[in-house]
>>> print(open('my_file.cif').read())   # mmCIF, C-alpha atoms and all ligand atoms
data_run
loop_
_atom_site.label_atom_id
_atom_site.label_comp_id
_atom_site.auth_asym_id
_atom_site.auth_seq_id
_atom_site.Cartn_x
_atom_site.Cartn_y
_atom_site.Cartn_z
CA MET A 1 100.62 104.24 130.25
CA LYS A 2 101.13 107.28 128.13
CA GLU A 3 97.51 108.51 128.23
CA GLU A 4 97.64 108.73 132.03
CA GLY A 5 100.87 110.72 131.85
CA ARG A 6 99.19 113.15 129.47
CA GLN A 7 96.22 113.46 131.82
CA ASP A 8 98.64 114.13 134.69
CA ALA A 9 100.21 116.93 132.63
CA VAL A 10 96.79 118.48 132.03
CA LEU A 11 96.05 118.41 135.76
CA GLU A 12 99.36 120.18 136.41
CA ALA A 13 98.43 122.85 133.86
CA LEU A 14 95.02 123.27 135.50
CA ALA A 15 96.63 123.72 138.91
CA GLU A 16 98.98 126.37 137.48
CA ARG A 17 96.00 128.26 136.07
CA GLY A 18 93.91 127.88 139.22
CA LEU A 19 91.27 125.81 137.42
CA GLY A 20 89.28 123.04 139.08
CA ALA A 21 88.64 120.84 136.03
CA LEU A 22 88.79 120.80 132.24
CA ILE A 23 85.95 119.79 129.94
CA VAL A 24 87.72 118.56 126.79
CA THR A 25 85.52 118.84 123.69
CA ASP A 26 88.10 118.87 120.88
CA LEU A 27 87.99 115.29 119.54
CA ALA A 28 91.70 115.17 118.71
CA ASN A 29 92.42 116.27 122.29
CA VAL A 30 90.00 113.64 123.62
CA ARG A 31 91.83 110.99 121.58
CA TYR A 32 95.25 112.22 122.69
CA LEU A 33 94.29 112.16 126.37
CA THR A 34 92.24 108.95 126.51
CA GLY A 35 92.95 106.81 123.42
CA TYR A 36 89.26 106.91 122.48
CA VAL A 37 88.46 107.35 118.77
CA GLY A 38 84.95 108.31 117.70
CA SER A 39 82.82 111.14 116.41
CA ASN A 40 81.23 111.91 119.79
CA GLY A 41 83.24 112.16 122.97
CA VAL A 42 83.97 114.54 125.85
CA ALA A 43 86.60 114.08 128.55
CA VAL A 44 86.21 115.64 131.98
CA LEU A 45 89.44 115.77 133.96
CA GLY A 46 89.77 116.95 137.53
CA PRO A 47 91.89 116.15 140.58
CA ARG A 48 89.12 113.92 141.98
CA GLY A 49 88.23 111.99 138.85
CA ARG A 50 88.84 111.43 135.13
CA SER A 51 85.99 110.46 132.83
CA LEU A 52 85.34 109.90 129.17
CA LEU A 53 81.77 110.42 128.01
CA THR A 54 80.40 109.03 124.79
CA ASP A 55 77.08 107.64 123.57
CA SER A 56 75.89 104.09 123.10
CA ARG A 57 77.11 103.89 119.50
CA TYR A 58 80.69 103.96 120.79
CA ALA A 59 80.29 102.15 124.11
CA VAL A 60 82.17 99.00 123.10
CA ALA A 61 84.93 100.90 121.30
CA ALA A 62 85.35 103.36 124.18
CA ARG A 63 85.63 100.64 126.81
CA ALA A 64 88.23 98.82 124.68
CA ALA A 65 90.36 101.85 123.84
CA ALA A 66 90.12 104.28 126.72
CA ARG A 67 92.99 104.43 129.22
CA GLY A 68 93.09 106.01 132.67
CA VAL A 69 89.48 107.22 132.63
CA ASP A 70 86.06 105.97 133.71
CA VAL A 71 83.89 105.45 130.63
CA VAL A 72 80.46 107.00 131.02
CA ILE A 73 77.75 106.35 128.43
CA GLY A 74 75.60 109.44 128.07
CA ARG A 75 73.12 110.87 125.65
CA ARG A 76 73.91 111.96 122.13
CA ASP A 77 74.49 115.51 123.36
CA LEU A 78 77.09 115.01 126.08
CA LEU A 79 77.18 118.53 127.53
CA GLY A 80 74.54 117.84 130.17
CA ASP A 81 76.28 114.63 131.22
CA ALA A 82 79.60 116.48 131.40
CA ALA A 83 78.09 119.21 133.57
CA ALA A 84 76.57 116.59 135.87
CA LEU A 85 80.01 115.00 136.40
CA VAL A 86 81.73 118.23 137.39
CA PRO A 87 80.79 118.24 141.10
CA SER A 88 82.31 114.77 141.60
CA VAL A 89 85.62 115.34 139.77
CA ALA A 90 86.47 119.04 140.09
CA GLY A 91 88.77 120.67 142.60
CA GLU A 92 88.86 124.31 143.67
CA GLY A 93 88.44 126.90 140.94
CA ALA A 94 86.48 127.49 137.78
CA VAL A 95 85.84 124.75 135.24
CA GLY A 96 87.92 125.26 132.11
CA VAL A 97 86.47 124.73 128.64
CA GLU A 98 88.22 124.66 125.27
CA ALA A 99 87.46 127.97 123.61
CA GLU A 100 88.73 126.86 120.19
CA SER A 101 86.31 123.94 120.10
CA LEU A 102 83.20 124.89 122.09
CA THR A 103 80.71 127.00 120.14
CA VAL A 104 79.24 130.07 121.81
CA ALA A 105 75.82 128.39 121.86
CA ARG A 106 77.22 125.33 123.64
CA TYR A 107 79.16 127.54 126.03
CA ARG A 108 75.92 129.32 126.98
CA ARG A 109 74.13 126.02 127.59
CA LEU A 110 76.99 124.73 129.71
CA GLU A 111 77.05 127.99 131.67
CA ALA A 112 73.37 127.55 132.49
CA MET A 113 74.01 124.05 133.88
CA LEU A 114 77.06 124.82 136.05
CA ASP A 115 77.13 126.63 139.39
CA ALA A 116 79.73 129.14 138.15
CA PRO A 117 80.57 130.38 134.64
CA PRO A 118 83.09 128.12 132.85
CA GLU A 119 86.47 129.65 132.03
CA PRO A 120 87.45 129.69 128.33
CA THR A 121 90.98 128.33 127.87
CA THR A 122 93.24 127.81 124.87
CA GLY A 123 96.23 125.60 124.25
CA ILE A 124 96.25 123.43 127.39
CA VAL A 125 96.20 120.13 125.50
CA GLU A 126 97.45 121.54 122.18
CA THR A 127 100.72 122.61 123.84
CA LEU A 128 101.28 119.05 125.07
CA ARG A 129 100.56 117.73 121.59
CA GLU A 130 103.28 119.88 119.98
CA VAL A 131 106.14 117.60 121.04
CA LYS A 132 105.73 114.07 119.71
CA ASP A 133 106.79 110.86 121.42
CA ALA A 134 108.47 107.95 119.64
CA ASP A 135 105.20 106.18 118.78
CA GLU A 136 103.72 109.33 117.30
CA ILE A 137 106.86 109.94 115.23
CA GLU A 138 106.80 106.37 113.91
CA ALA A 139 103.14 106.74 112.88
CA MET A 140 103.96 109.97 111.05
CA ARG A 141 107.03 108.41 109.42
CA GLU A 142 104.81 105.63 108.07
CA ALA A 143 102.15 108.15 106.98
CA ALA A 144 104.85 110.07 105.08
CA ALA A 145 106.11 106.86 103.45
CA VAL A 146 102.57 106.00 102.35
CA ALA A 147 102.30 109.40 100.64
CA ASP A 148 105.73 108.94 98.99
CA ARG A 149 104.62 105.61 97.52
CA ALA A 150 101.19 106.90 96.46
CA LEU A 151 102.68 109.87 94.63
CA ALA A 152 105.26 107.71 92.84
CA ALA A 153 102.56 105.26 91.76
CA VAL A 154 100.35 107.98 90.29
CA LEU A 155 103.13 109.99 88.60
CA GLY A 156 104.42 106.75 87.07
CA ARG A 157 101.21 106.46 85.08
CA GLY A 158 101.60 109.96 83.59
CA ILE A 159 99.50 113.08 84.13
CA VAL A 160 99.50 115.12 80.88
CA GLY A 161 96.04 115.10 79.32
CA ARG A 162 94.37 113.78 82.47
CA THR A 163 92.27 116.19 84.48
CA GLU A 164 93.37 117.56 87.84
CA ARG A 165 90.34 115.84 89.33
CA ASP A 166 91.26 112.49 87.81
CA VAL A 167 94.80 112.73 89.19
CA ALA A 168 93.46 113.73 92.62
CA LEU A 169 91.11 110.73 92.62
CA ALA A 170 93.97 108.45 91.58
CA ILE A 171 96.03 109.78 94.51
CA TYR A 172 93.10 109.16 96.85
CA GLY A 173 92.97 105.53 95.72
CA ALA A 174 96.75 105.12 95.84
CA LEU A 175 96.90 106.48 99.41
CA LEU A 176 94.37 103.85 100.53
CA ASP A 177 96.12 101.12 98.51
CA GLU A 178 99.43 101.98 100.18
CA GLY A 179 98.02 101.70 103.70
CA ALA A 180 96.44 105.03 104.65
CA GLU A 181 93.42 104.93 106.96
CA ARG A 182 92.28 107.93 104.94
CA PRO A 183 93.84 110.96 103.27
CA SER A 184 94.83 113.59 105.84
CA PHE A 185 93.10 116.31 103.74
CA GLU A 186 91.67 116.71 100.26
CA THR A 187 94.49 116.27 97.77
CA ILE A 188 95.43 119.39 95.81
CA VAL A 189 96.36 119.02 92.14
CA ALA A 190 96.88 122.45 90.58
CA ALA A 191 98.23 122.70 87.03
CA GLY A 192 99.34 125.73 85.03
CA PRO A 193 97.72 129.00 86.15
CA ASN A 194 95.73 127.10 88.83
CA GLY A 195 99.05 126.54 90.56
CA ALA A 196 99.03 130.22 91.50
CA ARG A 197 96.25 129.44 94.00
CA PRO A 198 97.83 127.72 97.03
CA HIS A 199 94.61 125.88 97.96
CA ALA A 200 93.21 125.29 94.47
CA VAL A 201 90.41 122.74 94.09
CA PRO A 202 91.18 120.08 91.42
CA GLY A 203 89.18 120.93 88.32
CA PRO A 204 87.94 119.30 85.11
CA GLU A 205 90.53 120.80 82.73
CA PRO A 206 93.11 118.47 81.17
CA ILE A 207 96.65 119.04 82.44
CA ALA A 208 98.70 120.81 79.76
CA PRO A 209 102.29 120.08 78.74
CA ASN A 210 105.17 122.47 79.52
CA THR A 211 103.89 123.82 82.80
CA LEU A 212 104.16 123.21 86.54
CA VAL A 213 101.75 120.98 88.48
CA THR A 214 101.57 121.29 92.26
CA ILE A 215 100.42 118.20 94.14
CA ASP A 216 99.80 118.40 97.90
CA LEU A 217 98.86 115.15 99.61
CA GLY A 218 98.94 113.34 102.92
CA ALA A 219 97.99 110.10 104.61
CA VAL A 220 96.67 109.20 108.05
CA VAL A 221 98.27 106.21 109.81
CA HIS A 222 97.29 105.28 113.40
CA GLY A 223 95.45 108.61 113.55
CA TYR A 224 98.54 110.67 112.64
CA CYS A 225 98.78 112.82 109.52
CA SER A 226 101.48 113.36 106.95
CA ASP A 227 101.68 116.37 104.64
CA MET A 228 103.85 116.73 101.52
CA THR A 229 103.86 118.85 98.38
CA ARG A 230 105.77 118.24 95.20
CA THR A 231 105.67 120.35 92.05
CA VAL A 232 106.54 118.61 88.79
CA ALA A 233 107.01 119.84 85.23
CA THR A 234 105.01 118.47 82.33
CA GLY A 235 107.78 119.21 79.84
CA PRO A 236 110.42 121.88 79.24
CA LEU A 237 109.28 125.01 81.09
CA PRO A 238 108.99 128.70 80.20
CA PRO A 239 111.97 130.50 81.80
CA ARG A 240 109.94 132.19 84.57
CA LEU A 241 108.45 128.91 85.78
CA ALA A 242 111.85 127.23 85.69
CA GLU A 243 113.23 130.14 87.71
CA ILE A 244 110.56 130.10 90.42
CA TYR A 245 111.02 126.34 90.82
CA ALA A 246 114.76 126.79 91.35
CA VAL A 247 114.23 129.66 93.81
CA CYS A 248 111.60 127.75 95.78
CA LEU A 249 113.82 124.67 96.02
CA ARG A 250 116.75 126.80 97.23
CA ALA A 251 114.51 128.44 99.84
CA GLN A 252 113.20 125.09 101.01
CA GLN A 253 116.69 123.60 101.25
CA ALA A 254 117.95 126.63 103.19
CA ALA A 255 115.13 126.22 105.72
CA LEU A 256 115.74 122.47 106.02
CA ASP A 257 119.45 123.13 106.61
CA ALA A 258 118.66 125.72 109.29
CA ALA A 259 115.79 123.97 111.09
CA ARG A 260 116.60 122.86 114.62
CA ALA A 261 115.30 123.03 118.15
CA GLY A 262 115.97 126.30 119.95
CA MET A 263 115.25 128.62 117.06
CA GLY A 264 112.15 130.77 116.89
CA ALA A 265 109.34 129.84 114.51
CA ALA A 266 109.55 133.29 112.92
CA GLU A 267 113.32 132.93 112.61
CA LEU A 268 112.93 129.72 110.61
CA ASP A 269 110.26 131.30 108.42
CA ALA A 270 112.64 134.17 107.71
CA VAL A 271 115.35 131.84 106.37
CA ALA A 272 113.20 130.73 103.43
CA ARG A 273 111.54 134.11 103.02
CA ALA A 274 114.94 135.80 102.60
CA VAL A 275 115.90 133.50 99.71
CA ILE A 276 112.60 134.18 97.94
CA GLY A 277 112.81 137.90 98.69
CA ASP A 278 116.39 138.18 97.40
CA ALA A 279 115.23 136.63 94.13
CA GLY A 280 112.55 139.33 93.80
CA TYR A 281 109.50 137.23 94.66
CA ALA A 282 108.70 138.43 98.20
CA ASP A 283 105.14 139.39 97.26
CA ALA A 284 104.54 135.98 95.65
CA PHE A 285 105.01 134.05 98.94
CA GLY A 286 101.94 135.05 100.93
CA HIS A 287 101.53 132.22 103.40
CA GLY A 288 103.62 131.02 106.32
CA LEU A 289 106.53 128.63 105.89
CA GLY A 290 104.83 125.79 107.73
CA HIS A 291 102.69 124.40 110.51
CA GLY A 292 102.66 121.70 113.12
CA VAL A 293 101.22 118.31 112.15
CA GLY A 294 99.99 115.44 114.29
CA LEU A 295 96.52 114.11 115.02
CA ALA A 296 95.39 117.22 113.11
CA ILE A 297 96.76 118.26 109.73
CA HIS A 298 97.22 121.83 110.96
CA GLU A 299 98.20 122.24 114.60
CA ALA A 300 100.61 124.17 116.75
CA PRO A 301 103.19 125.52 116.31
CA GLY A 302 102.65 127.88 113.38
CA VAL A 303 105.88 128.61 111.49
CA ARG A 304 105.02 132.08 110.23
CA PRO A 305 106.47 135.59 110.31
CA GLU A 306 104.21 136.36 113.30
CA GLY A 307 104.86 133.00 115.00
CA THR A 308 105.95 133.36 118.61
CA ALA A 309 106.80 129.72 119.40
CA THR A 310 110.30 128.54 120.16
CA LEU A 311 110.89 125.30 118.28
CA ARG A 312 111.56 122.28 120.49
CA ALA A 313 113.03 118.85 119.87
CA GLY A 314 110.31 116.40 118.89
CA MET A 315 108.06 118.95 117.24
CA ALA A 316 106.68 117.88 113.85
CA VAL A 317 106.39 120.77 111.41
CA THR A 318 106.15 121.27 107.66
CA ILE A 319 108.58 123.36 105.65
CA GLU A 320 106.68 124.52 102.59
CA PRO A 321 107.72 127.71 100.83
CA GLY A 322 105.77 128.61 97.69
CA ILE A 323 105.89 131.14 94.88
CA TYR A 324 102.60 131.99 93.16
CA LEU A 325 102.37 134.09 89.98
CA GLU A 326 98.79 134.96 89.09
CA GLY A 327 97.92 133.99 85.51
CA GLU A 328 101.16 132.03 85.07
CA GLY A 329 101.55 129.28 87.62
CA GLY A 330 103.02 128.40 90.94
CA VAL A 331 105.35 126.16 92.89
CA ARG A 332 105.32 124.80 96.42
CA ILE A 333 107.71 122.24 97.88
CA GLU A 334 106.78 120.79 101.26
CA ASP A 335 108.44 118.31 103.58
CA LEU A 336 107.35 117.10 106.99
CA VAL A 337 110.21 117.13 109.50
CA ILE A 338 110.85 116.24 113.12
CA LEU A 339 112.99 118.85 114.84
CA GLY A 340 116.04 117.81 116.83
CA ASP A 341 118.77 119.63 118.71
CA GLU A 342 121.28 119.36 115.84
CA GLY A 343 118.95 119.63 112.87
CA CYS A 344 115.87 117.92 111.56
CA ASP A 345 114.78 114.47 110.47
CA ILE A 346 112.99 114.73 107.10
CA LEU A 347 110.11 112.25 106.89
CA SER A 348 109.14 112.89 103.23
CA HIS A 349 111.45 111.28 100.68
CA ALA A 350 109.90 111.88 97.23
CA PRO A 351 112.49 113.48 94.90
CA LYS A 352 112.69 117.27 94.75
CA GLU A 353 114.98 117.89 91.78
CA LEU A 354 112.74 119.23 89.01
CA THR A 355 111.19 116.15 87.44
CA ILE A 356 109.47 116.00 84.06
CA VAL A 357 106.33 113.87 84.11
CA ASP A 358 104.58 113.32 80.79
ZN ZN B 1 100.48 120.18 102.30
ZN ZN B 2 101.11 121.80 104.89
#
>>> encode(input="my_file.cif", output="structure tokens", more="lines below")
Ligand code: ZN
Ligand code: ZN
Amino acid sequence: MKEEGRQDAVLEALAERGLGALIVTDLANVRYLTGYVGSNGVAVLGPRGRSLLTDSRYAVAARAAARGVDVVIGRRDLLGDAAALVPSVAGEGAVGVEAESLTVARYRRLEAMLDAPPEPTTGIVETLREVKDADEIEAMREAAAVADRALAAVLGRGIVGRTERDVALAIYGALLDEGAERPSFETIVAAGPNGARPHAVPGPEPIAPNTLVTIDLGAVVHGYCSDMTRTVATGPLPPRLAEIYAVCLRAQQAALDAARAGMGAAELDAVARAVIGDAGYADAFGHGLGHGVGLAIHEAPGVRPEGTATLRAGMAVTIEPGIYLEGEGGVRIEDLVILGDEGCDILSHAPKELTIVD
């Protein structure tokens, strides 16, 4: 089964790094490696044993879901139980811990319980998660379709005069109605000048006519996230807002046309950034072009100017250029794509031609 194959890959990575075991504390990594879903879980993987620790609240769920591991029911704080397992599962070498997930305080406590200091590691499981298998892609395709339907349902009821918050709540409900387990992050609805803030929080002001409204939403299906942004017009636009929409769409399309396995993440970022720069808006596109998506809404690889990853077939990334003009408004257009050797498979299907929504 696939979880055991993933565990095998972790053991290979440990051997390459000279590590004797890995204590997995990131819950998305625990889920990926074992199939277990819950708010408290630690996996301990070594050449002599593979265990999943959780507490009694999740005992039944863990035994039903976990694959390829012994399920151990521990206390609420699982660090001591994890440390106690190490001698029976570990091989030669230090015990690896996940530096991105383990707090310094928990690291210190673990250090005090083990015979030798644990070795902070990064990216062992996250690197495996970058390339999606067919089941993961299907879950994300469905999550993207849920978001497409939710957005269409809410826009169909009109947005002018409603508050950003009201529209965000309507999207929340529509995502659940359409089959999401939950939203993959808090929906962004940013109208008028608020659109100049990429991560604006939906506010109590009514949405005005004749401006741009940026809506960023996503669904979770079978644990996997989708992520999509559309920017719509609430009537005929001032020329500058019409222009930045057209430039952003051109930049997004250029990146979609270019995206394929084998290119560098920074190289893909540069395709969209060049279009925006040539139009004179380089300073108005401050964030990266995109990010990996999977069990987490933001995961590796980063698609940014400083990104060092080489894109591989099966990676799921967003392509989301934006142009933000303080005091005026903003635009972002985001699709979730699966990279292939010849191009990319676009999972989001909501229309991108500038649409007027009353
Ligand atoms: Zn987004
Ligand atoms: Zn995104």
>>> residues_near_ligand(input="my_file.cif", ligand="ligand ZN 1 (chain B)", cutoff="9 Å", atoms="all atoms listed in the file", output="list in words")
Phe185, Thr187, Ile188, Ile215, Asp216, Leu217, Gly218, Ser226, Asp227, Met228, Thr229, Gly290, Ile297, Thr318, Glu320, Arg332, Ile333, Glu334, Asp335 and Leu336 of chain A
>>> closest_residue(input="my_file.cif", among="A:Leu237, A:Val317, A:Ala261, A:Val213", to="ligand ZN 2 (chain B)", atoms="only C-alpha atoms and all ligand atoms")
A:Val317
>>> closest_residue(input="my_file.cif", among="A:Gly330, A:Ala258, A:Ser184, A:Arg162", to="Leu241 in chain A", atoms="all atoms listed in the file")
A:Gly330
>>> atom_distance(input="my_file.cif", atom1="CA of Ala265 in chain A", atom2="CA of Ala282 in chain A")
18.4 Å
>>> closest_residue(input="my_file.cif", among="A:Val146, A:Cys225, A:Ala270, A:Val72", to="ligand ZN 2 (chain B)", atoms="only C-alpha atoms and all ligand atoms")
A:Cys225
>>> build_atoms(input="my_file.cif", residues="range 30-41 of chain A", atoms="N, CA and C atoms", output="mmCIF file, keeping the file's coordinate frame")
data_model
loop_
_atom_site.group_PDB
_atom_site.id
_atom_site.type_symbol
_atom_site.label_atom_id
_atom_site.label_comp_id
_atom_site.auth_asym_id
_atom_site.auth_seq_id
_atom_site.Cartn_x
_atom_site.Cartn_y
_atom_site.Cartn_z
ATOM 1 N N VAL A 30 90.600 114.773 122.897
ATOM 2 C CA VAL A 30 90.000 113.640 123.620
ATOM 3 C C VAL A 30 90.774 112.362 123.281
ATOM 4 N N ARG A 31 91.072 112.177 121.989
ATOM 5 C CA ARG A 31 91.830 110.990 121.580
ATOM 6 C C ARG A 31 93.213 110.965 122.214
ATOM 7 N N TYR A 32 93.890 112.118 122.155
ATOM 8 C CA TYR A 32 95.250 112.220 122.690
ATOM 9 C C TYR A 32 95.292 111.874 124.182
ATOM 10 N N LEU A 33 94.282 112.319 124.908
ATOM 11 C CA LEU A 33 94.290 112.160 126.370
ATOM 12 C C LEU A 33 93.771 110.809 126.837
ATOM 13 N N THR A 34 92.900 110.175 126.018
ATOM 14 C CA THR A 34 92.240 108.950 126.510
ATOM 15 C C THR A 34 92.449 107.734 125.615
ATOM 16 N N GLY A 35 92.847 107.926 124.359
ATOM 17 C CA GLY A 35 92.950 106.810 123.420
ATOM 18 C C GLY A 35 91.660 106.513 122.684
ATOM 19 N N TYR A 36 90.573 107.150 123.113
ATOM 20 C CA TYR A 36 89.260 106.910 122.480
ATOM 21 C C TYR A 36 89.191 107.563 121.107
ATOM 22 N N VAL A 37 88.647 106.819 120.123
ATOM 23 C CA VAL A 37 88.460 107.350 118.770
ATOM 24 C C VAL A 37 86.973 107.234 118.425
ATOM 25 N N GLY A 38 86.350 108.338 118.108
ATOM 26 C CA GLY A 38 84.950 108.310 117.700
ATOM 27 C C GLY A 38 84.494 109.713 117.390
ATOM 28 N N SER A 39 83.298 109.824 116.836
ATOM 29 C CA SER A 39 82.820 111.140 116.410
ATOM 30 C C SER A 39 82.118 111.891 117.536
ATOM 31 N N ASN A 40 81.897 111.246 118.669
ATOM 32 C CA ASN A 40 81.230 111.910 119.790
ATOM 33 C C ASN A 40 81.939 111.501 121.072
ATOM 34 N N GLY A 41 82.554 112.475 121.725
ATOM 35 C CA GLY A 41 83.240 112.160 122.970
ATOM 36 C C GLY A 41 83.619 113.434 123.696
#
